[in-house]
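Peer 1: See upload_35.cif below, with mmCIF, C-alpha atoms.
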```cif
data_query
loop_
_atom_site.label_atom_id
_atom_site.label_comp_id
_atom_site.auth_asym_id
_atom_site.auth_seq_id
_atom_site.Cartn_x
_atom_site.Cartn_y
_atom_site.Cartn_z
CA MET A 428 5.31 15.14 21.26
CA ASP A 429 8.19 14.74 23.72
CA LYS A 430 11.93 14.50 23.05
CA THR A 431 11.91 10.70 23.28
CA GLU A 432 9.33 10.43 20.49
CA LEU A 433 11.24 12.91 18.35
CA LEU A 434 14.43 10.93 18.86
CA GLY A 435 12.63 7.70 17.96
CA ILE A 436 11.14 9.21 14.81
CA GLY A 437 14.53 10.54 13.73
CA CYS A 438 16.13 7.14 14.33
CA GLY A 439 13.36 5.36 12.41
CA LEU A 440 13.81 7.65 9.41
CA GLY A 441 17.59 7.25 9.62
CA ALA A 442 17.16 3.48 9.55
CA ALA A 443 14.91 3.79 6.47
CA PHE A 444 17.50 5.83 4.57
CA PHE A 445 20.50 3.63 5.29
CA GLN A 446 18.58 0.40 4.69
CA SER A 447 17.49 1.70 1.29
CA LEU A 448 21.12 2.48 0.52
CA SER A 449 22.15 -1.01 1.64
CA TYR A 450 19.71 -2.64 -0.80
CA VAL A 451 21.35 -0.81 -3.70
CA CYS A 452 24.78 -1.94 -2.45
CA SER A 453 23.61 -5.55 -2.16
CA ARG A 454 22.16 -5.47 -5.67
CA LEU A 455 25.51 -4.17 -6.97
CA PHE A 456 27.39 -7.04 -5.25
CA ILE A 457 24.95 -9.66 -6.52
CA LYS A 458 25.14 -8.35 -10.11
CA ARG A 459 28.95 -8.26 -9.98
CA HIS A 460 29.42 -11.68 -8.36
CA GLN A 461 26.95 -13.96 -10.15
CA ASN A 462 24.18 -14.02 -7.50
CA ASN A 463 26.54 -15.31 -4.81
CA ILE A 464 24.31 -14.43 -1.85
CA LEU A 465 26.20 -16.68 0.57
CA ALA A 466 29.40 -14.74 -0.07
CA LEU A 467 27.68 -11.43 0.64
CA LEU A 468 26.07 -12.85 3.79
CA ALA A 469 29.40 -14.19 5.08
CA LEU A 470 31.65 -11.26 4.16
CA SER A 471 29.33 -8.48 5.32
CA HIS A 472 28.61 -10.07 8.67
CA ALA A 473 32.25 -10.91 9.31
CA ALA A 474 33.03 -7.23 8.68
CA MET A 475 30.21 -6.04 10.95
CA GLY A 476 31.33 -8.47 13.63
CA ILE A 477 34.85 -7.00 13.57
CA VAL A 478 33.49 -3.45 13.94
CA SER A 479 31.18 -4.55 16.74
CA ILE A 480 34.01 -5.71 19.04
CA PRO A 481 35.43 -2.22 19.80
CA LEU A 482 31.86 -0.84 19.89
CA ALA A 483 30.90 -3.35 22.60
CA ALA A 484 34.12 -2.59 24.51
CA MET A 485 33.29 1.13 24.39
CA PHE A 486 29.84 0.69 25.96
CA TRP A 487 30.56 -2.35 28.17
CA PRO A 488 29.07 -1.55 31.60
CA ALA A 489 30.86 -2.17 34.88
CA SER A 490 27.89 -4.24 36.07
CA MET A 491 27.21 -6.34 32.98
CA PRO A 492 24.15 -8.59 33.53
CA PRO A 493 24.78 -12.35 33.28
CA LEU A 494 24.51 -13.86 29.81
CA SER A 495 21.65 -16.10 30.94
CA GLN A 496 19.41 -13.04 31.32
CA TYR A 497 19.60 -11.91 27.71
CA ALA A 498 20.85 -14.99 25.81
CA GLY A 499 17.39 -15.89 24.51
CA ALA A 500 16.72 -12.40 23.17
CA LEU A 501 20.21 -12.23 21.65
CA ALA A 502 19.89 -15.61 19.92
CA GLY A 503 16.41 -14.73 18.62
CA ALA A 504 17.45 -11.30 17.35
CA ALA A 505 20.53 -12.64 15.54
CA GLY A 506 19.14 -15.99 14.38
CA PHE A 507 15.89 -14.77 12.84
CA TYR A 508 17.72 -11.78 11.37
CA LEU A 509 20.24 -14.01 9.56
CA LEU A 510 17.41 -16.14 8.22
CA GLY A 511 15.69 -13.00 6.99
CA GLN A 512 18.90 -11.79 5.32
CA PHE A 513 19.22 -15.06 3.41
CA PHE A 514 15.64 -14.73 2.10
CA LEU A 515 16.23 -11.04 1.32
CA PHE A 516 19.32 -11.66 -0.79
CA ALA A 517 17.51 -14.48 -2.59
CA ALA A 518 14.68 -12.01 -3.39
CA ILE A 519 17.12 -9.39 -4.69
CA ILE A 520 18.27 -11.90 -7.32
CA HIS A 521 14.73 -11.83 -8.77
CA CYS A 522 13.90 -8.13 -8.58
CA GLU A 523 15.31 -4.59 -8.30
CA PRO A 524 15.87 -3.10 -4.82
CA SER A 525 13.19 -0.39 -5.12
CA ARG A 526 10.49 -3.07 -5.22
CA ILE A 527 11.91 -5.26 -2.46
CA SER A 528 12.12 -2.43 0.04
CA PRO A 529 8.41 -1.50 0.05
CA LEU A 530 7.26 -5.13 0.04
CA LEU A 531 9.03 -5.56 3.37
CA GLY A 532 6.70 -2.87 4.73
CA LEU A 533 4.18 -5.69 5.20
CA LYS A 534 6.10 -6.26 8.41
CA VAL A 535 3.92 -3.55 9.98
CA PHE A 536 0.77 -5.61 9.43
CA MET A 537 2.50 -8.84 10.47
CA LEU A 538 3.89 -7.31 13.67
CA THR A 539 0.52 -5.84 14.60
CA LEU A 540 -1.14 -9.24 14.28
CA ILE A 541 1.65 -10.92 16.27
CA GLY A 542 1.35 -8.27 18.98
CA VAL A 543 -2.42 -8.63 19.30
CA LEU A 544 -2.56 -12.43 19.06
CA PHE A 545 0.49 -13.43 21.09
CA LEU A 546 1.84 -10.45 23.06
CA ASP A 547 -1.41 -9.05 24.50
CA GLN A 548 -0.89 -5.64 22.87
CA ARG A 549 -3.77 -3.24 22.21
CA PHE A 550 -4.09 -0.62 19.49
CA GLY A 551 -6.61 2.20 19.12
CA PRO A 552 -8.70 2.97 15.98
CA ALA A 553 -6.21 5.61 14.75
CA GLN A 554 -3.31 3.16 15.10
CA TRP A 555 -5.19 0.44 13.21
CA LEU A 556 -5.93 3.00 10.47
CA ALA A 557 -2.21 3.84 10.42
CA VAL A 558 -1.39 0.15 9.90
CA LEU A 559 -3.97 0.00 7.06
CA CYS A 560 -2.54 3.12 5.37
CA SER A 561 1.03 1.83 5.52
CA THR A 562 -0.06 -1.57 4.16
CA LEU A 563 -1.93 0.04 1.25
CA ALA A 564 1.15 2.17 0.53
CA VAL A 565 3.26 -1.00 0.43
CA PHE A 566 1.01 -2.55 -2.21
CA LEU A 567 1.04 0.61 -4.32
CA LEU A 568 4.83 0.77 -4.20
CA SER A 569 5.46 -2.93 -4.77
CA TYR A 570 2.99 -3.42 -7.61
CA SER A 571 3.73 -0.20 -9.48
CA GLY A 572 6.01 -1.74 -12.08
CA ARG A 573 6.13 -5.04 -13.91
CA ARG A 574 4.21 -7.97 -12.50
CA LEU A 575 5.75 -9.58 -9.43
CA GLU A 576 6.72 -13.23 -9.68
CA PHE A 577 5.21 -15.62 -7.14
CA LYS A 578 8.71 -16.70 -6.06
CA PHE A 579 9.61 -13.09 -5.28
CA VAL A 580 6.42 -12.49 -3.27
CA ALA A 581 6.97 -15.71 -1.29
CA LEU A 582 10.56 -14.75 -0.52
CA GLY A 583 9.40 -11.27 0.52
CA ILE A 584 6.86 -12.75 2.95
CA LEU A 585 9.42 -15.19 4.41
CA THR A 586 11.83 -12.28 4.83
CA GLY A 587 9.16 -10.23 6.57
CA VAL A 588 8.17 -12.97 9.01
CA SER A 589 11.80 -13.65 9.90
CA TYR A 590 12.44 -9.95 10.47
CA CYS A 591 9.28 -9.64 12.60
CA LEU A 592 10.50 -12.34 14.97
CA SER A 593 13.94 -10.71 15.05
CA ASP A 594 12.42 -7.27 15.77
CA ILE A 595 10.49 -8.56 18.78
CA ASN A 596 13.70 -10.00 20.19
CA ILE A 597 15.63 -6.80 19.39
CA LYS A 598 13.20 -4.80 21.54
CA ALA A 599 13.66 -7.32 24.37
CA LEU A 600 17.45 -7.19 23.99
CA VAL A 601 17.57 -3.38 24.10
CA ASP A 602 15.35 -3.44 27.19
CA HIS A 603 17.94 -5.57 29.00
CA PHE A 604 20.39 -2.66 28.74
CA ARG A 605 18.07 0.21 29.68
CA PHE A 606 20.13 0.73 32.84
CA LEU A 607 22.82 2.36 30.66
CA PRO A 608 22.92 6.20 30.63
CA THR A 609 20.78 6.69 27.49
CA ILE A 610 18.68 4.64 25.11
CA LEU A 611 21.32 5.23 22.43
CA HIS A 612 23.91 3.56 24.69
CA ALA A 613 21.55 0.63 25.23
CA ALA A 614 20.84 0.32 21.48
CA ALA A 615 24.55 0.49 20.56
CA MET A 616 25.37 -2.21 23.12
CA ALA A 617 22.57 -4.47 21.89
CA THR A 618 23.58 -3.91 18.25
CA ALA A 619 27.22 -4.73 18.99
CA LEU A 620 26.38 -7.98 20.82
CA CYS A 621 23.97 -9.06 18.08
CA TYR A 622 26.49 -8.45 15.30
CA ILE A 623 29.39 -10.05 17.15
CA LEU A 624 27.27 -13.21 17.14
CA CYS A 625 26.38 -12.69 13.46
CA GLY A 626 30.05 -12.05 12.74
CA LEU A 627 30.98 -15.43 14.20
CA VAL A 628 28.48 -17.05 11.84
CA GLY A 629 29.93 -15.10 8.91
CA ALA A 630 33.49 -16.09 9.84
CA ALA A 631 32.46 -19.76 10.08
CA MET A 632 30.92 -19.53 6.59
CA LEU A 633 34.14 -18.07 5.21
CA LEU A 634 36.14 -20.94 6.69
CA LEU A 635 33.89 -23.33 4.80
CA ARG A 636 33.97 -21.21 1.61
CA PRO A 637 37.46 -19.58 1.51
CA ALA A 638 37.20 -18.91 -2.24
CA ASP A 639 34.55 -16.26 -1.50
CA ALA A 640 37.04 -14.07 0.40
CA THR A 641 38.89 -12.33 -2.44
CA ARG A 642 39.99 -8.70 -2.60
CA GLN A 643 37.19 -7.91 -5.05
CA THR A 644 34.43 -9.57 -3.02
CA TRP A 645 35.55 -7.74 0.13
CA LEU A 646 35.55 -4.40 -1.72
CA TYR A 647 32.01 -4.96 -3.01
CA ALA A 648 30.69 -6.31 0.31
CA LEU A 649 31.96 -3.46 2.53
CA PRO A 650 29.55 -0.74 1.25
CA PHE A 651 26.61 -3.00 2.09
CA ALA A 652 28.08 -3.85 5.50
CA ALA A 653 28.68 -0.18 6.38
CA SER A 654 25.24 1.08 5.31
CA TRP A 655 23.42 -1.85 6.93
CA PHE A 656 25.29 -1.55 10.25
CA ILE A 657 24.52 2.18 10.52
CA ALA A 658 20.87 1.41 9.72
CA MET A 659 20.75 -1.17 12.51
CA ILE A 660 22.05 1.22 15.16
CA PHE A 661 19.27 3.63 14.16
CA LEU A 662 16.70 0.81 14.10
CA PHE A 663 17.62 -0.63 17.50
CA SER A 664 17.37 2.91 18.90
CA ALA A 665 13.94 3.43 17.32
CA PHE A 666 12.57 0.17 18.72
CA GLY A 667 13.88 1.07 22.15
CA THR A 668 12.25 4.52 22.18
CA ILE A 669 8.95 4.23 20.30
CA GLY A 670 8.26 0.49 20.09
CA VAL A 671 8.40 -2.12 17.36
CA VAL A 672 5.16 -1.34 15.45
CA PHE A 673 5.64 2.44 15.18
CA GLY A 674 9.34 1.89 14.53
CA ASN A 675 8.41 -0.35 11.61
CA ILE A 676 5.95 2.19 10.22
CA LEU A 677 8.79 4.72 10.12
CA GLN A 678 11.16 2.09 8.74
CA SER A 679 8.61 1.41 5.98
CA THR A 680 9.26 4.86 4.58
CA ARG A 681 12.36 3.18 3.10
CA GLY A 682 9.99 2.21 0.27
CA ILE A 683 9.64 5.88 -0.65
CA VAL A 684 13.37 6.47 -0.12
CA SER A 685 14.19 3.47 -2.31
CA MET A 686 11.92 4.80 -5.06
CA GLY A 687 13.78 8.12 -4.96
CA MET A 688 17.14 6.37 -5.07
CA GLY A 689 15.89 4.14 -7.88
CA PHE A 690 14.80 7.18 -9.91
CA MET A 691 18.23 8.79 -9.50
CA ILE A 692 20.11 5.58 -10.31
CA ALA A 693 18.03 4.91 -13.45
CA HIS A 694 18.44 8.47 -14.74
CA LEU A 695 22.19 8.34 -14.14
CA GLY A 696 22.28 5.47 -16.64
CA PHE A 697 22.51 2.45 -14.31
CA GLU A 698 19.39 0.74 -15.64
CA THR A 699 20.79 -2.72 -14.96
CA LEU A 700 20.25 -1.89 -11.28
CA GLU A 701 17.00 0.09 -11.66
CA PRO A 702 14.76 0.45 -14.75
CA LYS A 703 13.20 3.85 -15.48
CA ALA A 704 9.63 4.36 -14.21
CA SER A 705 6.63 5.48 -16.29
CA GLY A 706 4.42 8.47 -15.47
CA ARG A 707 1.69 6.17 -14.11
CA VAL A 708 4.16 4.45 -11.82
CA ILE A 709 5.44 7.80 -10.53
CA ALA A 710 1.82 8.87 -9.77
CA GLN A 711 1.19 5.65 -7.83
CA ARG A 712 4.34 6.23 -5.85
CA ALA A 713 3.20 9.76 -4.98
CA VAL A 714 -0.11 8.41 -3.62
CA ALA A 715 1.81 5.81 -1.64
CA ALA A 716 4.01 8.54 -0.15
CA VAL A 717 0.90 10.42 1.02
CA LEU A 718 -0.51 7.24 2.60
CA MET A 719 2.76 6.51 4.38
CA THR A 720 2.90 10.07 5.71
CA ALA A 721 -0.70 9.72 6.94
CA ALA A 722 0.23 6.46 8.69
CA VAL A 723 2.99 8.16 10.65
CA ALA A 724 0.68 11.04 11.63
CA LEU A 725 -2.16 8.71 12.67
CA PHE A 726 0.12 6.65 14.90
CA LEU A 727 1.05 9.82 16.79
CA ILE A 728 -2.61 10.69 17.59
#
```
Take the structure in the file and write it out as C-alpha cells.
Peer 2:
Amino acid sequence: MDKTELLGIGCGLGAAFFQSLSYVCSRLFIKRHQNNILALLALSHAAMGIVSIPLAAMFWPASMPPLSQYAGALAGAAGFYLLGQFFLFAAIIHCEPSRISPLLGLKVFMLTLIGVLFLDQRFGPAQWLAVLCSTLAVFLLSYSGRRLEFKFVALGILTGVSYCLSDINIKALVDHFRFLPTILHAAAMATALCYILCGLVGAAMLLLRPADATRQTWLYALPFAASWFIAMIFLFSAFGTIGVVFGNILQSTRGIVSMGMGFMIAHLGFETLEPKASGRVIAQRAVAAVLMTAAVALFLI
C-alpha cells in the first residue's frame, strides 16, 4: 500500500466521521425548527459559500483553466448534490440519523453498476465481493431497529442516486485541478468552487424566504454547515486519490460511526434524537461492522 492509498483511506474515514456528525446536527435543527428543511438547506449552504470564497482565493492558480473546461463537472457536482441534500433532509424528518447514514451506503452498489454499465469500468472478483459485503452491512445497519417506512426507503434511494451522479462529477472536477501541487490542493479548490455555486443557490433561497434567516436558525444551522464542509474536503480528496467506488466504501463506514454516535446520544438522555438500541440490534451492528471492515480489506487486494 503506497502513501497515496493511505492518504485516500484516511480522507475517506475522515469524511465518514464528519458526515455522521453532520447528520446529528441536521436532526437537531429539524427538531428545533419544525421540519423546516428549506431553511437548513439555504442557511447552511449560504454559510459554506461564504467560507469557500477565501478558500478559493487561497488556492487560486496563476494559470486557471477556462470555465468552459470544467463548467459541466461543476454544475453536475453542485446540482445533483443539492438535489440529494433536499431528499436527505426530507428523509431525516421521518427517521433518526443513525438509520439514514447506513442506508446511503447503497451508493456503493449504485456507483458500481453505473461504472460498469455507463463508464466502461471493470472490477475484479475481490472488488465485487467487497461491494457485496458493504451492501449487506448497509441492510443490517438500516433494518436493525423498527420497521422502515416505504417513504423513508424511497427518499433514501433518491438521495443515493443523486449523490452518485454528484460523486462522478466531483471526481471529474478534482481531475481538472490535478496540475496543482498536491491532490489536497486540487480537492480544496474543487470543493471551494462547488460550494461557492451552492452558496449562491442558498443566498437566492434566503432572499425568497427572509423569515428563515433569524439569529436562532443561523445558530442551529452553523454546526451542520461546519461539519458537512469539513467532510466534503475529506471526501473530494478521497475521490481524487482512490476513486469514487473505493471512496464510497470508506465513506459507508459512517453507518458504523453513526451507530456509535447514536448509542452515546441515547445514553446521554437525548432519546428524542436517538432511541436506545436492544441487545439484538447491537449484535446486528457488530456483524455489520465486520462486513464493512472486510469490504475495505477486499478492495485493497
Peer 1: Give the answer as one residue: which of A:Gly542, A:Gly551, A:Phe444, A:Val628 has the shortest atom-to-atom distance to Tyr508 in chain A, using all atoms listed in the file?
Peer 2: A:Val628
Peer 1: Enter the distance from CA of Tyr647 in chain A to CA of Ile519 in chain A, in Å, rounded to one decimal.
Peer 2: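 Between CA of Tyr647 in chain A and CA of Ile519 in chain A the gap works out to 15.6 Å.
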Peer 1: Skip Gly476 in chain A itself and residues of its chain fewer than 4 positions away, then list as a ChimeraX atom specification all residues within 9 Å of it, counting all atoms listed in the file.
Peer 2: /A:471-472,480,619-627,629-630
Peer 1: Export C-alpha atoms of the chosen residues as a compact mmCIF listing (two decimals), in the coordinates of the input?
Peer 2:
```txt
# COMPACT_ATOMS: atom_id res chain seq x y z
CA SER A 471 29.33 -8.48 5.32
CA HIS A 472 28.61 -10.07 8.67
CA ILE A 480 34.01 -5.71 19.04
CA ALA A 619 27.22 -4.73 18.99
CA LEU A 620 26.38 -7.98 20.82
CA CYS A 621 23.97 -9.06 18.08
CA TYR A 622 26.49 -8.45 15.30
CA ILE A 623 29.39 -10.05 17.15
CA LEU A 624 27.27 -13.21 17.14
CA CYS A 625 26.38 -12.69 13.46
CA GLY A 626 30.05 -12.05 12.74
CA LEU A 627 30.98 -15.43 14.20
CA GLY A 629 29.93 -15.10 8.91
CA ALA A 630 33.49 -16.09 9.84
```
Peer 1: What's around Gln643 in chain A at 12 Å? Count only C-alpha atoms, leave out sequence neighbours fewer than 2 positions away in its own chain, and write the answer as a JSON list (two decimals) with C-alpha atoms, keeping the file's coordinate frame.
Peer 2:
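So part-v5.json came out as:
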```json
[["chain", "number", "residue", "atom", "x", "y", "z"],
["A", 456, "PHE", "CA", 27.39, -7.04, -5.25],
["A", 459, "ARG", "CA", 28.95, -8.26, -9.98],
["A", 460, "HIS", "CA", 29.42, -11.68, -8.36],
["A", 466, "ALA", "CA", 29.40, -14.74, -0.07],
["A", 467, "LEU", "CA", 27.68, -11.43, 0.64],
["A", 470, "LEU", "CA", 31.65, -11.26, 4.16],
["A", 638, "ALA", "CA", 37.20, -18.91, -2.24],
["A", 639, "ASP", "CA", 34.55, -16.26, -1.50],
["A", 640, "ALA", "CA", 37.04, -14.07, 0.40],
["A", 641, "THR", "CA", 38.89, -12.33, -2.44],
["A", 645, "TRP", "CA", 35.55, -7.74, 0.13],
["A", 646, "LEU", "CA", 35.55, -4.40, -1.72],
["A", 647, "TYR", "CA", 32.01, -4.96, -3.01],
["A", 648, "ALA", "CA", 30.69, -6.31, 0.31],
["A", 649, "LEU", "CA", 31.96, -3.46, 2.53]]
```
Peer 1: Which residues come within 12 Å of His612 in chain A, counting only C-alpha atoms, excluding same-chain residues fewer than 2 positions away, as a list in words?
Peer 2: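 The neighbour list is Leu482, Ala483, Ala484, Met485, Phe486, Trp487, Pro488, Val601, Asp602, His603, Phe604, Arg605, Phe606, Leu607, Pro608, Thr609, Ile610, Ala614, Ala615, Met616, Ala617, Thr618, Ala619, Ile660, Phe661, Phe663, Ser664, Gly667 and Thr668 of chain A.
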Peer 1: Calculated over all atoms listed in the file, which of the candidates A:Leu515, A:Met659, A:Leu611, A:Ala724 has the smallest distance to Gly435 in chain A?
Peer 2: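 Looking at the shortest contact to Gly435 in chain A, the residue is A:Leu611.
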Peer 1: For a test of reading the model, state the distance in Å between CA of Leu718 in chain A and CA of Leu677 in chain A, rounded to one decimal.
Peer 2: 12.2 Å
Peer 1: Name all residues at most 8 Å from Val672 in chain A (count all atoms listed in the file; drop same-chain ones fewer than 6 positions away) and give them as an MDAnalysis selection string.
Peer 2: chainID A and resid 535 538:539
Peer 1: In Å, rounded to a single decimal, give me how far CA of Ser449 in chain A is from CA of Ile520 in chain A.
Peer 2: 14.6 Å
Peer 1: Counting only C-alpha atoms, which of A:Ala469, A:Ala443, A:Val684, A:Cys438 gets nearest to Leu633 in chain A?
Peer 2: A:Ala469
Peer 1: Given 6 Å of margin on each side, can you work out the centre and size in Å (one decimal) of an axis-aligned box holding every listed atom of range 606-614 of chain A, as JSON?
Peer 2:
```
{"center_x": 21.3, "center_y": 3.5, "center_z": 27.2, "size_x": 17.2, "size_y": 18.4, "size_z": 23.4}
```
Peer 1: List the spatial neighbours of Leu540 in chain A as a CSV table (one decimal) with C-alpha atoms, keeping the file's coordinate frame - criterion: any atom at most 12 Å away, only C-alpha atoms, same-chain residues fewer than 4 positions off excluded.
Peer 2:
```
chain,number,residue,atom,x,y,z
A,533,LEU,CA,4.2,-5.7,5.2
A,534,LYS,CA,6.1,-6.3,8.4
A,535,VAL,CA,3.9,-3.6,10.0
A,536,PHE,CA,0.8,-5.6,9.4
A,544,LEU,CA,-2.6,-12.4,19.1
A,545,PHE,CA,0.5,-13.4,21.1
A,546,LEU,CA,1.8,-10.4,23.1
A,547,ASP,CA,-1.4,-9.0,24.5
A,548,GLN,CA,-0.9,-5.6,22.9
A,549,ARG,CA,-3.8,-3.2,22.2
A,550,PHE,CA,-4.1,-0.6,19.5
A,555,TRP,CA,-5.2,0.4,13.2
A,558,VAL,CA,-1.4,0.2,9.9
A,588,VAL,CA,8.2,-13.0,9.0
A,591,CYS,CA,9.3,-9.6,12.6
A,672,VAL,CA,5.2,-1.3,15.4
```
Peer 1: Do you know which residues the PyMOL selection byres ((chain A and resi 586) around 6) returns on this file, as a ChimeraX atom specification?
Peer 2: /A:511,514-515,583-585,587-589
